[in-house]
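Here's the structure, in structure tokens; my notes come after.
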Amino acid sequence: MPLNDAAVFLPARMHVFTAPVGTTAPTLAMVKAAPETAPTGWDDLGHTSLEEDIEFGSDGGDSETKGSRQVANLREIVEATVDFLTVHSIQLTNETLTLFYGGGDASKPGQFDAPAAFGTTEKALLLVFLDGAKRAGLWWPRASARRAGGIGAAADDFLRYPLRFTKLQLSGQPSERTFADTVGTTPPAGN
């Protein structure tokens, strides 16, 4: 693989967009227009913590080698992997609270009532990473959102709501899609 300077990305800024599960996937053009123009059908989650980086993780993925009496390492069996990410919202809004608590009642002005038991909310998820004028996107057609710990209320920082999005499969869709000028069949112009 040759060196490709255009394929190096420094995600200094990022926007998190959510939409109902089943919302039409964004296009590269939509990702490149964000955040100035939100992709059609998508809502910007708003401000997220600069102090708490987005954290990607996975559960599972352990492997085991199976063999026969004739060949000790005949096949590798890999356990299913579940990917997730955690982001810390610092906006006190109905959307943030609904994702954090897994529901709730925001029908009265100036008031949000959390449900008796915390749950999950399913959304489509789009991350748009910004590196100067360059854009890259990561799309999950279906994700489960829930709280990822308690509310952060440090005296010297913003009020924080840690949200965990777990990637789920949506029938007939890829599990995720990456958007950038440097991926796909068209080679990037210049190096």
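Naming works like this for the structure tokens: A, B, ... for the chains as they're shown, residue 1 at the start of each chain, ligands 1 onward in shown order.
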
Leaving out Leu126 in chain A and any residue of its chain fewer than 2 positions from it, which residues lie within 10 Å of it when counting only C-alpha atoms, given as a tab-separated table (two decimals) with N, CA and C atoms, in the first residue's frame?
chain	number	residue	atom	x	y	z
A	15	HIS	N	-19.41	15.84	14.84
A	15	HIS	CA	-20.84	16.03	15.11
A	15	HIS	C	-21.51	14.67	15.15
A	16	VAL	N	-22.45	14.52	16.06
A	16	VAL	CA	-23.22	13.29	16.20
A	16	VAL	C	-24.64	13.59	15.73
A	17	PHE	N	-25.10	12.82	14.75
A	17	PHE	CA	-26.45	12.97	14.24
A	17	PHE	C	-27.23	11.70	14.55
A	18	THR	N	-28.51	11.85	14.89
A	18	THR	CA	-29.38	10.70	15.10
A	18	THR	C	-30.61	10.86	14.21
A	19	ALA	N	-31.24	9.72	13.94
A	19	ALA	CA	-32.46	9.69	13.14
A	19	ALA	C	-33.23	8.43	13.52
A	25	ALA	N	-30.06	6.17	4.33
A	25	ALA	CA	-28.64	6.40	4.59
A	25	ALA	C	-28.20	7.71	3.95
A	26	PRO	N	-27.32	8.42	4.61
A	26	PRO	CA	-26.79	9.64	3.99
A	26	PRO	C	-25.89	9.28	2.83
A	31	VAL	N	-22.61	14.05	3.87
A	31	VAL	CA	-21.58	14.06	4.91
A	31	VAL	C	-20.66	15.26	4.69
A	39	PRO	N	-27.76	16.41	7.28
A	39	PRO	CA	-28.32	15.48	6.30
A	39	PRO	C	-29.83	15.37	6.47
A	42	TRP	N	-31.99	13.91	9.56
A	42	TRP	CA	-31.08	13.68	10.68
A	42	TRP	C	-31.06	14.89	11.60
A	43	ASP	N	-30.94	14.64	12.92
A	43	ASP	CA	-30.87	15.70	13.92
A	43	ASP	C	-29.50	15.70	14.57
A	44	ASP	N	-28.92	16.89	14.70
A	44	ASP	CA	-27.63	17.04	15.37
A	44	ASP	C	-27.85	16.91	16.87
A	123	LYS	N	-31.96	4.19	17.58
A	123	LYS	CA	-31.78	5.27	16.62
A	123	LYS	C	-30.82	4.81	15.52
A	124	ALA	N	-30.87	5.50	14.40
A	124	ALA	CA	-29.79	5.41	13.42
A	124	ALA	C	-28.76	6.45	13.87
A	128	VAL	N	-19.97	12.60	11.98
A	128	VAL	CA	-19.26	13.34	10.94
A	128	VAL	C	-18.02	13.94	11.59
A	129	PHE	N	-16.86	13.49	11.11
A	129	PHE	CA	-15.57	13.96	11.62
A	129	PHE	C	-15.07	15.07	10.70
A	137	GLY	N	-17.31	10.27	7.49
A	137	GLY	CA	-18.51	9.89	8.21
A	137	GLY	C	-18.51	8.42	8.56
A	138	LEU	N	-19.21	8.10	9.64
A	138	LEU	CA	-19.43	6.72	10.06
A	138	LEU	C	-20.92	6.58	10.35
A	139	TRP	N	-21.58	5.67	9.65
A	139	TRP	CA	-23.04	5.48	9.75
A	139	TRP	C	-23.37	4.10	10.28
A	140	TRP	N	-24.21	4.08	11.30
A	140	TRP	CA	-24.80	2.83	11.79
A	140	TRP	C	-26.30	2.94	11.55
A	141	PRO	N	-26.89	2.05	10.74
A	141	PRO	CA	-28.31	2.15	10.44
A	141	PRO	C	-29.22	1.87	11.65
A	176	GLU	N	-22.41	-1.21	9.09
A	176	GLU	CA	-21.94	0.17	9.16
A	176	GLU	C	-21.40	0.58	7.80
A	177	ARG	N	-21.27	1.88	7.61
A	177	ARG	CA	-20.73	2.41	6.36
A	177	ARG	C	-19.80	3.57	6.70
A	178	THR	N	-18.65	3.61	6.02
A	178	THR	CA	-17.70	4.70	6.18
A	178	THR	C	-17.75	5.58	4.93

Query raised in the report: Just asking: which residues within range 62-179 of chain A are strand (DSSP E) according to DSSP, as a PyMOL selection string?
Result: chain A and resi 63-66+75-78+81-89+121-131+134-147+161-167+177-179

**Report entry** Surrounding residues of Val82 in chain A excluding itself and chain neighbours under 3 positions, 10 Å, only C-alpha atoms, as a PyMOL selection string
**Finding:** chain A and resi 57-61+79+166-168

Report task. Name the residues in contact with Gln169 in chain A at a cut-off of 8 Å, using only C-alpha atoms, excluding same-chain residues fewer than 2 positions from it; report them as a ChimeraX atom specification. Result -> /A:141-143,167,171,173-175

Query raised in the report: Counting only C-alpha atoms, which of A:Ser89, A:Thr182, A:Thr98, A:Ser144 gets nearest to Leu50 in chain A?
Result: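 Ranking A:Ser89, A:Thr182, A:Thr98, A:Ser144 by distance to Leu50 in chain A, first place goes to A:Ser89.
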
Query raised in the report: Phe56 in chain A: which residues within 10 Å, counting only C-alpha atoms, same-chain residues fewer than 6 positions away excluded, as a PyMOL selection string?
Result: chain A and resi 83-87+164-166

Would you mind exporting N, CA, C and O atoms of the selected residues as a PDB file, in the first residue's frame?
ATOM      1  N   ASP A  83     -19.956  -3.916  18.657  1.00  0.00           N
ATOM      2  CA  ASP A  83     -19.260  -2.636  18.710  1.00  0.00           C
ATOM      3  C   ASP A  83     -20.135  -1.595  19.397  1.00  0.00           C
ATOM      4  O   ASP A  83     -21.362  -1.618  19.285  1.00  0.00           O
ATOM      5  N   PHE A  84     -19.485  -0.665  20.080  1.00  0.00           N
ATOM      6  CA  PHE A  84     -20.215   0.425  20.729  1.00  0.00           C
ATOM      7  C   PHE A  84     -19.333   1.655  20.770  1.00  0.00           C
ATOM      8  O   PHE A  84     -18.131   1.594  20.520  1.00  0.00           O
ATOM      9  N   LEU A  85     -19.938   2.781  21.053  1.00  0.00           N
ATOM     10  CA  LEU A  85     -19.191   4.009  21.271  1.00  0.00           C
ATOM     11  C   LEU A  85     -19.872   4.784  22.390  1.00  0.00           C
ATOM     12  O   LEU A  85     -21.065   4.639  22.632  1.00  0.00           O
ATOM     13  N   THR A  86     -19.078   5.576  23.083  1.00  0.00           N
ATOM     14  CA  THR A  86     -19.589   6.417  24.171  1.00  0.00           C
ATOM     15  C   THR A  86     -19.246   7.863  23.855  1.00  0.00           C
ATOM     16  O   THR A  86     -18.115   8.173  23.477  1.00  0.00           O
ATOM     17  N   VAL A  87     -20.231   8.717  23.991  1.00  0.00           N
ATOM     18  CA  VAL A  87     -20.060  10.142  23.779  1.00  0.00           C
ATOM     19  C   VAL A  87     -20.729  10.850  24.951  1.00  0.00           C
ATOM     20  O   VAL A  87     -21.712  10.353  25.506  1.00  0.00           O
ATOM     21  N   ARG A 164     -24.142   5.765  25.608  1.00  0.00           N
ATOM     22  CA  ARG A 164     -23.513   4.632  24.918  1.00  0.00           C
ATOM     23  C   ARG A 164     -24.437   4.204  23.782  1.00  0.00           C
ATOM     24  O   ARG A 164     -25.624   3.948  23.992  1.00  0.00           O
ATOM     25  N   PHE A 165     -23.866   4.145  22.586  1.00  0.00           N
ATOM     26  CA  PHE A 165     -24.580   3.654  21.407  1.00  0.00           C
ATOM     27  C   PHE A 165     -23.986   2.304  21.048  1.00  0.00           C
ATOM     28  O   PHE A 165     -22.777   2.191  20.806  1.00  0.00           O
ATOM     29  N   THR A 166     -24.817   1.265  21.010  1.00  0.00           N
ATOM     30  CA  THR A 166     -24.381  -0.082  20.657  1.00  0.00           C
ATOM     31  C   THR A 166     -24.893  -0.409  19.269  1.00  0.00           C
ATOM     32  O   THR A 166     -26.097  -0.294  19.003  1.00  0.00           O
TER      33      THR A 166
END

Requested in this report: Do a neighbour search on Gly152 in chain A at 10 Å with only C-alpha atoms, toss out local chain neighbours closer than 3 positions, and write the hits as JSON, numbers by chain.
Outcome: {"A": [88, 90, 149, 155, 157, 158, 159, 160, 161, 162]}

Query raised in the report: Restricting the calculation to only C-alpha atoms, which member of A:Phe118, A:Arg69, A:Leu10, A:Leu170 is positioned closest to Phe100 in chain A?
Result: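 Ranked by minimum distance to Phe100 in chain A, first place goes to A:Phe118.
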
Query raised in the report: In Å, how far is it from CA of Glu51 in chain A to CA of Gly102 in chain A?
Result: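 These atoms are spaced 24.5 Å apart.
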
All helix (DSSP H, G or I) residues (DSSP, backbone) inside range 85-140 of chain A, as a CSV table (one decimal) with N, CA and C atoms, in the first residue's frame:
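And here is the file that came out, states-v4.csv:
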chain,number,residue,atom,x,y,z
A,94,ASN,N,-34.4,17.7,25.6
A,94,ASN,CA,-35.3,16.5,25.6
A,94,ASN,C,-34.6,15.3,24.9
A,95,GLU,N,-34.0,15.6,23.8
A,95,GLU,CA,-33.3,14.5,23.1
A,95,GLU,C,-32.3,13.8,23.9
A,96,THR,N,-31.4,14.6,24.5
A,96,THR,CA,-30.3,14.1,25.3
A,96,THR,C,-30.9,13.2,26.5
A,97,LEU,N,-31.9,13.8,27.2
A,97,LEU,CA,-32.5,13.1,28.3
A,97,LEU,C,-33.2,11.8,27.9
A,98,THR,N,-33.9,11.9,26.7
A,98,THR,CA,-34.6,10.7,26.2
A,98,THR,C,-33.6,9.6,25.9
A,99,LEU,N,-32.5,9.9,25.3
A,99,LEU,CA,-31.4,8.9,25.0
A,99,LEU,C,-30.8,8.4,26.3
A,100,PHE,N,-30.6,9.3,27.3
A,100,PHE,CA,-29.9,8.9,28.5
A,100,PHE,C,-30.8,8.0,29.4
A,101,TYR,N,-32.1,8.3,29.5
A,101,TYR,CA,-33.0,7.5,30.3
A,101,TYR,C,-33.7,6.4,29.6

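Counting only C-alpha atoms and comparing A:Ala7, A:Leu92, A:Val183, A:Leu130, the residue that lies closest to His47 in chain A is A:Leu92.
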